[in-house]
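A.B. asks: Okay, here's the structure, questions in a sec.
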Amino acid sequence: MSKKVLVLGEAREGALRNVSYEAIAAAKTISGGGEVVSVLLGDSVKDLAGELVKFGADRVITVEHPHLKQYTSDGYGQAILAVIEQESPEAIVFGHTALGKDLSPKIASKLQIGLVSDVTSIEGEGDDAVYIRPIYSGKAFEKVKVKNGIQFITIRPNNIAPLVKDDSKTGDVTSLSVDITSLRTIIKEVVRKSSEGVDLSEAKVVIAGGRGVKSEEGFKPLQELANVLGGAVGASRGACDADYCDYSLQIGQTGKVVTPDLYIAAGISGAIQHLAGMSNSKIIVAINKDPEANIFKVADYGIVGDLFEVIPMLTEEFKKLKVNA
Amino acid sequence: MNIYVLVKRTFDTEEKIVVSGGKIQEDGAEFIINPYDEYAIEEAIQVRDAQGGEVTVLTLGGEDAEKQLRTALAMGADKAVLINIEDDLEEVDQFAAAFIISEYLKDKNPDLILAGNVAIDGGSGQVGPRLAELLGINYVTTITNLEIDGTTVTIKRDVEGDTEVLETSLPLLVTAQQGLNEPRYPSLPGIMKAKKKPLEEVELDDLDIDEDDVEAKIETIEIYLPPKKEAGKVLAGDLADQVRELVELLHSEAKVI
């Protein structure tokens, strides 16, 4: 049976996040030929709606309200529940982002339905959809089915390919007016730490440093390489525990799980906890002085050497490549 | 202050995962308190020490989870509750877990509930927010700082690397992110005292829950290990040549750049 699928689009600093398009692709699979309806929430988001249509949404519903300028679970919860009530979808897809992780359980609880979090791929379609998700931080995977009721999932960024953009595609954009009241949380301030603006969990390239980076200063060459490649910097627990960097950069079983196209591990020995957080990356490069380091066992390419020599050389080589390209 | 901490018994992070007969093998594995829950326990103890009150640690599981509850008591929690479901339920999803815990907590009037932001085994991070919704209280996830002044609560939370500063009020549920604090190790006197601290055990019957009320909404149909990654190519030769070769391989062979 074909399904009507509701997809939450996500904007960050005035632009749609990639995961919004990936979620549309997931929704298309689940819909089994049904309808994909994107939802955008914010204080001023109408202008972004067209992009969602070009990436495959059949139509878009916007809810605009001053109280939706910043995310709060109460505000966004009221808005999305109003849309769900109007549309009665048979499936719902959110991104497994900070916002999606925070909001989806509340909605599932309210609707008394199941929720499959952090889905990395989908097998089958329509009623036969089976959701694949990592467990034990990627040390194993499980296939999950929704027994009955609304199929509600969140998808991990960077894993489900978006549909090819079709600039000629058109679709209805409608707005729904929702009274957003009694917010229990007031956002006072947002302190932006991710200086280069590429989010670790969505980055296509991650340059990660371990104890071998030796100091806070030692992360600089990694950041320079990340800048050239448009990537993000991450770290092992060792580097975080030694105070070389903030815990928000930690990749591993505790910390973030990342699956970029390219993961460069510099001065990381490769403890099992760290491997859990990155071993499903598409291509792994290891740079380590110790040829026996565990990280080489999961690396596609390895260089035995001092990261402080290798990383700046890599940066220069990639710069040349970009110039020539 | 009436403080509850949700605790989950999980595999030690050092453990390799072995799947046989479609299930994760637990024989011989070491179990720990979910690392994120340790931050929650530590924070609860610090809040109690500053504000007075009582910390109760609560888990859903089987007899085996008593060990993790005793560890939490040894860290400094005052009481423990084991909601023992091992004889009643085969499968517990997040919907069921949150419902069962909410039935236990609904007449306990908690001021503050703390939990880890995610368990390192199932990794869904659903039970905290689901529970808050069922209890009708507000929640804040992935917190890295907590300050309580009367009923006003000021929180810093980690949002994908950014820090959000927000204000809300009790009663409240929060989930802990790394960086919130440095969890203490149980002291020897703490371990001795923990043996005498109250540990209440309840079953679904005691909560008037029918098995049909908590039938799982989702179902795991298969568990498998990811394909084993073959060790790749370690480059050789002059370092500058290796670097050039690597860039070439990433560009032409792997096609990721």
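The way I read the labels, and the way they are meant: chains A, B, ... in the order of the structure tokens, residue 1 as the first residue of every chain, and ligand 1 as the first ligand shown, with later ones counted on from there.
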At most 7 Å is the cut-off: for each residue in chain A with any atom that close to an atom of chain B, write down the nearest atom pair and the distance in Å rounded to one decimal, counting only C-alpha atoms, chain first then increasing number, as a Markdown table.

C.D. replies:
```
| residue | atom | partner | partner_atom | distance |
| --- | --- | --- | --- | --- |
| A:Ala98 | CA | B:Val159 | CA | 5.8 |
| A:Asp102 | CA | B:Thr141 | CA | 6.5 |
| A:Pro105 | CA | B:Gln126 | CA | 5.1 |
| A:Lys106 | CA | B:Arg130 | CA | 5.3 |
| A:Ser109 | CA | B:Arg130 | CA | 5.1 |
| A:Lys110 | CA | B:Glu133 | CA | 6.9 |
| A:Ile113 | CA | B:Lys217 | CA | 6.4 |
| A:Gly114 | CA | B:Lys217 | CA | 4.8 |
| A:Ser117 | CA | B:Ser124 | CA | 5.3 |
| A:Asp118 | CA | B:Ser124 | CA | 6.9 |
| A:Ile135 | CA | B:Gly122 | CA | 5.3 |
| A:Tyr136 | CA | B:Asp121 | CA | 4.2 |
| A:Ser137 | CA | B:Ile120 | CA | 6.4 |
| A:Lys139 | CA | B:Ile17 | CA | 6.5 |
| A:Ala140 | CA | B:Leu225 | CA | 4.5 |
| A:Phe141 | CA | B:Tyr224 | CA | 5.4 |
| A:Glu142 | CA | B:Ile223 | CA | 4.3 |
| A:Lys143 | CA | B:Glu222 | CA | 5.1 |
| A:Val144 | CA | B:Thr220 | CA | 4.4 |
| A:Lys145 | CA | B:Glu219 | CA | 5.3 |
| A:Val146 | CA | B:Ile218 | CA | 4.4 |
| A:Lys147 | CA | B:Ile218 | CA | 5.3 |
| A:Asn148 | CA | B:Lys217 | CA | 6.7 |
| A:Arg184 | CA | B:Thr168 | CA | 6.0 |
| A:Thr185 | CA | B:Thr168 | CA | 4.8 |
| A:Ile186 | CA | B:Glu167 | CA | 5.2 |
| A:Ile187 | CA | B:Leu166 | CA | 4.3 |
| A:Lys188 | CA | B:Leu166 | CA | 5.0 |
| A:Glu189 | CA | B:Val165 | CA | 5.1 |
| A:Val190 | CA | B:Glu164 | CA | 4.4 |
| A:Val191 | CA | B:Thr163 | CA | 4.9 |
| A:Arg192 | CA | B:Asp162 | CA | 4.6 |
| A:Lys193 | CA | B:Asp162 | CA | 4.9 |
| A:Ser194 | CA | B:Gly161 | CA | 5.8 |
| A:Asp199 | CA | B:Glu160 | CA | 6.8 |
| A:Tyr247 | CA | B:Gly179 | CA | 6.3 |
| A:Ser248 | CA | B:Gly161 | CA | 5.1 |
| A:Gln253 | CA | B:Ile120 | CA | 6.7 |
| A:Asp261 | CA | B:Val256 | CA | 6.1 |
| A:Leu262 | CA | B:Val256 | CA | 6.4 |
| A:Ile272 | CA | B:Glu14 | CA | 6.5 |
| A:Gln273 | CA | B:Thr13 | CA | 6.1 |
| A:Phe296 | CA | B:Ala231 | CA | 6.6 |
| A:Lys297 | CA | B:Ala231 | CA | 4.5 |
| A:Val298 | CA | B:Ala231 | CA | 5.3 |
| A:Ala299 | CA | B:Gly232 | CA | 5.6 |
| A:Asp300 | CA | B:Gly232 | CA | 4.1 |
| A:Tyr301 | CA | B:Lys233 | CA | 4.8 |
| A:Gly302 | CA | B:Val234 | CA | 4.3 |
| A:Ile303 | CA | B:Leu235 | CA | 5.6 |
| A:Val310 | CA | B:Val243 | CA | 7.0 |
| A:Met313 | CA | B:Val243 | CA | 6.8 |
| A:Leu314 | CA | B:Val243 | CA | 6.0 |
| A:Glu317 | CA | B:Arg244 | CA | 6.7 |
| A:Phe318 | CA | B:Val247 | CA | 6.9 |
```

A.B. asks: Taking 5 positions as the minimum chain separation for residues in the same chain, which residues sit within 10 Å of A:Arg59 when counting only C-alpha atoms? Answer as number ranges by chain.

C.D. replies: A: 35-39, 49-50, 52-53, 170-174

A.B. asks: Convert the current residue selection to file output with C-alpha atoms, as a CSV table (one decimal), in the first residue's frame.

C.D. replies:
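After the write, selection-v7.csv holds the following:
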```
chain,number,residue,atom,x,y,z
A,35,GLU,CA,2.9,11.2,-1.4
A,36,VAL,CA,5.9,12.9,0.3
A,37,VAL,CA,5.0,16.1,2.2
A,38,SER,CA,7.8,18.2,3.6
A,39,VAL,CA,7.3,20.4,6.7
A,49,ALA,CA,10.3,25.5,0.4
A,50,GLY,CA,11.1,25.4,-3.3
A,52,LEU,CA,12.5,20.8,-1.0
A,53,VAL,CA,10.2,20.3,-4.0
A,170,THR,CA,6.9,22.2,-9.0
A,171,GLY,CA,4.7,21.5,-6.0
A,172,ASP,CA,2.2,23.2,-3.7
A,173,VAL,CA,3.5,25.3,-0.8
A,174,THR,CA,0.9,26.0,1.8
```

A.B. asks: As a ChimeraX atom specification, list the residues of stretch 38-229 of chain B assigned to helix (DSSP H, G or I) by DSSP on the backbone atoms of this structure.

C.D. replies: /B:38-51,63-75,94-105,127-135,188-194,204-207,211-214

A.B. asks: What does the file look like for those residues with C-alpha atoms, as a PDB file, in the first residue's frame?

C.D. replies:
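Output file result30.pdb follows:
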```pdb
ATOM      1  CA  GLU B  38      27.439   7.773  35.254  1.00  0.00           C
ATOM      2  CA  TYR B  39      27.445  11.496  34.493  1.00  0.00           C
ATOM      3  CA  ALA B  40      23.773  11.589  35.476  1.00  0.00           C
ATOM      4  CA  ILE B  41      24.466   9.821  38.791  1.00  0.00           C
ATOM      5  CA  GLU B  42      27.381  12.128  39.588  1.00  0.00           C
ATOM      6  CA  GLU B  43      25.321  15.228  38.820  1.00  0.00           C
ATOM      7  CA  ALA B  44      22.436  13.958  40.962  1.00  0.00           C
ATOM      8  CA  ILE B  45      24.786  13.437  43.916  1.00  0.00           C
ATOM      9  CA  GLN B  46      26.240  16.930  43.510  1.00  0.00           C
ATOM     10  CA  VAL B  47      22.770  18.510  43.324  1.00  0.00           C
ATOM     11  CA  ARG B  48      21.662  16.621  46.435  1.00  0.00           C
ATOM     12  CA  ASP B  49      24.799  17.617  48.350  1.00  0.00           C
ATOM     13  CA  ALA B  50      24.209  21.275  47.478  1.00  0.00           C
ATOM     14  CA  GLN B  51      20.422  21.394  47.861  1.00  0.00           C
ATOM     15  CA  GLU B  63      18.195  -9.561  38.560  1.00  0.00           C
ATOM     16  CA  ASP B  64      21.662  -9.027  37.042  1.00  0.00           C
ATOM     17  CA  ALA B  65      21.187  -5.244  37.029  1.00  0.00           C
ATOM     18  CA  GLU B  66      21.358  -5.231  40.849  1.00  0.00           C
ATOM     19  CA  LYS B  67      25.138  -5.056  40.547  1.00  0.00           C
ATOM     20  CA  GLN B  68      25.015  -1.761  38.631  1.00  0.00           C
ATOM     21  CA  LEU B  69      22.482  -0.354  41.110  1.00  0.00           C
ATOM     22  CA  ARG B  70      24.806  -1.257  43.999  1.00  0.00           C
ATOM     23  CA  THR B  71      27.646   0.527  42.207  1.00  0.00           C
ATOM     24  CA  ALA B  72      25.459   3.649  41.926  1.00  0.00           C
ATOM     25  CA  LEU B  73      24.631   3.365  45.635  1.00  0.00           C
ATOM     26  CA  ALA B  74      28.343   3.030  46.381  1.00  0.00           C
ATOM     27  CA  MET B  75      28.980   6.249  44.424  1.00  0.00           C
ATOM     28  CA  GLN B  94      11.460   2.364  24.092  1.00  0.00           C
ATOM     29  CA  PHE B  95       7.704   2.892  24.167  1.00  0.00           C
ATOM     30  CA  ALA B  96       7.302   0.094  26.700  1.00  0.00           C
ATOM     31  CA  ALA B  97      10.311   1.089  28.808  1.00  0.00           C
ATOM     32  CA  ALA B  98       9.151   4.698  29.126  1.00  0.00           C
ATOM     33  CA  PHE B  99       5.590   3.620  29.926  1.00  0.00           C
ATOM     34  CA  ILE B 100       6.652   1.214  32.674  1.00  0.00           C
ATOM     35  CA  ILE B 101       8.965   3.768  34.297  1.00  0.00           C
ATOM     36  CA  SER B 102       6.273   6.446  34.104  1.00  0.00           C
ATOM     37  CA  GLU B 103       3.797   4.168  35.858  1.00  0.00           C
ATOM     38  CA  TYR B 104       6.305   3.749  38.683  1.00  0.00           C
ATOM     39  CA  LEU B 105       7.140   7.453  38.919  1.00  0.00           C
ATOM     40  CA  VAL B 127      13.425   6.840  26.881  1.00  0.00           C
ATOM     41  CA  GLY B 128      14.250  10.126  28.679  1.00  0.00           C
ATOM     42  CA  PRO B 129      12.170  12.476  26.491  1.00  0.00           C
ATOM     43  CA  ARG B 130       9.392   9.880  26.150  1.00  0.00           C
ATOM     44  CA  LEU B 131       9.198   9.585  29.933  1.00  0.00           C
ATOM     45  CA  ALA B 132       9.091  13.372  30.429  1.00  0.00           C
ATOM     46  CA  GLU B 133       6.212  13.587  27.958  1.00  0.00           C
ATOM     47  CA  LEU B 134       4.307  10.825  29.788  1.00  0.00           C
ATOM     48  CA  LEU B 135       4.846  12.552  33.146  1.00  0.00           C
ATOM     49  CA  LEU B 188      35.651   1.513  49.865  1.00  0.00           C
ATOM     50  CA  PRO B 189      33.453   2.902  52.681  1.00  0.00           C
ATOM     51  CA  GLY B 190      30.918   3.759  49.970  1.00  0.00           C
ATOM     52  CA  ILE B 191      30.915   0.151  48.791  1.00  0.00           C
ATOM     53  CA  MET B 192      30.425  -1.100  52.372  1.00  0.00           C
ATOM     54  CA  LYS B 193      27.553   1.342  52.957  1.00  0.00           C
ATOM     55  CA  ALA B 194      25.918   0.477  49.642  1.00  0.00           C
ATOM     56  CA  LEU B 204       4.685  -5.304  36.404  1.00  0.00           C
ATOM     57  CA  ASP B 205       1.968  -6.706  38.688  1.00  0.00           C
ATOM     58  CA  ASP B 206       2.957  -4.285  41.441  1.00  0.00           C
ATOM     59  CA  LEU B 207       2.461  -1.423  38.984  1.00  0.00           C
ATOM     60  CA  GLU B 211       1.515  -7.283  29.489  1.00  0.00           C
ATOM     61  CA  ASP B 212      -0.769  -6.155  26.648  1.00  0.00           C
ATOM     62  CA  ASP B 213      -0.326  -2.512  27.729  1.00  0.00           C
ATOM     63  CA  VAL B 214       3.375  -2.680  26.973  1.00  0.00           C
TER      64      VAL B 214
END
```

A.B. asks: Given the choices A:Leu222, A:Leu81, A:Asp127, A:Ile283, which gets closest to A:Lys3 if the distance is worked out from only C-alpha atoms?

C.D. replies: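 Among the listed residues, A:Asp127 lies closest to A:Lys3.
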
A.B. asks: Just how far from atom CA of A:Asp243 is atom CA of B:Thr144, in Å to one decimal?

C.D. replies: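 Separating atom CA of B:Thr144 from atom CA of A:Asp243 is a distance of 15.8 Å.
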
A.B. asks: Any idea what's packed within 10 Å of A:Thr259, counting only C-alpha atoms, ignoring anything in its chain fewer than 6 positions away? Could you give it as a compact mmCIF listing (two decimals) with N, CA, C and O atoms, in the first residue's frame?

C.D. replies:
```txt
# COMPACT_ATOMS: atom_id res chain seq x y z
N THR A 120 20.26 3.95 9.09
CA THR A 120 21.30 4.24 8.09
C THR A 120 20.93 3.71 6.71
O THR A 120 21.52 4.12 5.72
N ARG A 156 20.14 8.84 10.02
CA ARG A 156 21.46 9.39 10.30
C ARG A 156 21.95 10.19 9.09
O ARG A 156 21.90 9.70 7.96
N PRO A 157 22.43 11.44 9.34
CA PRO A 157 22.94 12.23 8.23
C PRO A 157 24.05 11.50 7.47
O PRO A 157 24.78 10.69 8.07
N ASN A 158 24.15 11.75 6.17
CA ASN A 158 25.28 11.26 5.38
C ASN A 158 25.20 9.80 4.95
O ASN A 158 26.19 9.25 4.51
N ASN A 159 24.08 9.14 5.13
CA ASN A 159 24.02 7.72 4.81
C ASN A 159 23.06 7.37 3.69
O ASN A 159 23.29 6.45 2.94
N LEU A 200 30.40 18.13 12.50
CA LEU A 200 31.12 16.85 12.52
C LEU A 200 30.27 15.69 12.02
O LEU A 200 30.73 14.86 11.23
N SER A 201 29.01 15.63 12.45
CA SER A 201 28.20 14.46 12.09
C SER A 201 27.75 14.51 10.63
O SER A 201 27.34 13.50 10.07
N GLU A 202 27.81 15.69 9.99
CA GLU A 202 27.37 15.79 8.60
C GLU A 202 28.54 15.94 7.63
O GLU A 202 28.35 15.95 6.43
N ALA A 203 29.76 16.07 8.18
CA ALA A 203 30.92 16.37 7.33
C ALA A 203 31.23 15.19 6.41
O ALA A 203 31.14 14.04 6.80
N LYS A 204 31.62 15.51 5.18
CA LYS A 204 32.02 14.48 4.22
C LYS A 204 33.46 14.05 4.48
O LYS A 204 33.88 12.97 4.07
N VAL A 205 34.21 14.95 5.08
CA VAL A 205 35.61 14.65 5.41
C VAL A 205 35.84 14.96 6.88
O VAL A 205 35.43 16.02 7.36
N VAL A 206 36.44 14.02 7.60
CA VAL A 206 36.76 14.26 9.01
C VAL A 206 38.26 14.03 9.21
O VAL A 206 38.80 13.00 8.79
N GLY A 277 33.30 4.27 16.65
CA GLY A 277 32.72 5.55 16.23
C GLY A 277 33.05 5.94 14.81
O GLY A 277 32.49 6.91 14.30
N MET A 278 33.99 5.22 14.15
CA MET A 278 34.40 5.69 12.82
C MET A 278 34.62 4.59 11.79
O MET A 278 34.85 4.88 10.63
N SER A 279 34.56 3.33 12.20
CA SER A 279 35.00 2.28 11.28
C SER A 279 34.04 2.06 10.11
O SER A 279 34.37 1.36 9.16
N ASN A 280 32.85 2.67 10.16
CA ASN A 280 31.96 2.56 9.01
C ASN A 280 32.12 3.73 8.04
O ASN A 280 31.31 3.90 7.12
N SER A 281 33.18 4.50 8.22
CA SER A 281 33.49 5.55 7.24
C SER A 281 33.83 4.87 5.91
O SER A 281 34.32 3.75 5.89
N LYS A 282 33.60 5.58 4.81
CA LYS A 282 33.83 4.94 3.51
C LYS A 282 35.31 4.65 3.28
O LYS A 282 35.69 3.53 2.95
N ILE A 283 36.15 5.67 3.43
CA ILE A 283 37.60 5.48 3.26
C ILE A 283 38.30 6.00 4.52
O ILE A 283 38.03 7.10 4.98
```

A.B. asks: Using only C-alpha atoms, determine which residues lie at most 7 Å from A:Ile287, disregarding the query and same-chain residues fewer than 2 positions distant; provide the list as an MDAnalysis selection string.

C.D. replies: chainID A and resid 265:267 285 302:305 307

A.B. asks: Only N, CA, C and O atoms, please: the residues just picked out, written as a CSV table (one decimal), in the first residue's frame.

C.D. replies:
```csv
chain,number,residue,atom,x,y,z
A,265,ALA,N,42.8,9.6,10.3
A,265,ALA,CA,43.1,9.5,11.7
A,265,ALA,C,44.6,9.8,11.9
A,265,ALA,O,45.4,9.1,11.3
A,266,ALA,N,44.8,10.9,12.6
A,266,ALA,CA,46.2,11.3,12.8
A,266,ALA,C,46.6,11.1,14.3
A,266,ALA,O,46.0,11.7,15.2
A,267,GLY,N,47.6,10.3,14.5
A,267,GLY,CA,48.1,10.1,15.9
A,267,GLY,C,47.1,9.4,16.8
A,267,GLY,O,47.1,9.7,18.0
A,285,VAL,N,42.0,6.7,6.3
A,285,VAL,CA,43.4,6.9,6.2
A,285,VAL,C,44.0,7.0,7.6
A,285,VAL,O,43.5,7.8,8.4
A,302,GLY,N,47.5,3.7,4.7
A,302,GLY,CA,48.3,4.1,5.9
A,302,GLY,C,49.6,4.7,5.5
A,302,GLY,O,50.2,4.3,4.5
A,303,ILE,N,50.0,5.7,6.3
A,303,ILE,CA,51.3,6.2,6.2
A,303,ILE,C,51.9,6.1,7.6
A,303,ILE,O,51.4,6.6,8.6
A,304,VAL,N,53.1,5.4,7.7
A,304,VAL,CA,53.8,5.3,9.0
A,304,VAL,C,54.7,6.6,9.0
A,304,VAL,O,55.7,6.7,8.2
A,305,GLY,N,54.4,7.5,9.9
A,305,GLY,CA,55.2,8.7,10.0
A,305,GLY,C,54.7,9.7,11.0
A,305,GLY,O,53.6,9.5,11.6
A,307,LEU,N,52.8,12.8,12.2
A,307,LEU,CA,51.7,13.5,11.7
A,307,LEU,C,52.1,15.0,11.5
A,307,LEU,O,51.5,15.6,10.6
```

A.B. asks: Suppose you want the space between atom CA of A:Gly138 and atom CA of A:Ile251; what is it in Å?

C.D. replies: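 Separating atom CA of A:Gly138 from atom CA of A:Ile251 is a distance of 12.1 Å.
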
A.B. asks: Report the residues of stretch 22-198 of chain B whose backbone DSSP state falls under strand (DSSP E or B), written as an NGL selection string.

C.D. replies: :B and (23-24 or 31-33 or 54-61 or 79-84 or 112-116 or 138-149 or 152-159 or 162-169 or 172-176)

A.B. asks: In Å, with one decimal, what is the gap from atom CA of B:Glu201 to atom CA of B:Leu112?

C.D. replies: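 Separation of atom CA of B:Glu201 and atom CA of B:Leu112: 21.5 Å.
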
A.B. asks: Using only C-alpha atoms for the distances, tell me which of B:Gly76, B:Gly28, B:Pro110, B:Gly21 is nearest to B:Pro171.

C.D. replies: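 Nearest candidate to B:Pro171 out of B:Gly76, B:Gly28, B:Pro110, B:Gly21: B:Pro110.
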
A.B. asks: Excluding A:Val116 and any residue of its chain fewer than 6 positions from it, enumerate the residues within 7 Å of it, using only C-alpha atoms, and give them as a list of chain:residue names.

C.D. replies: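 Selected residues are A:Phe152, A:Ile153, A:Thr154.
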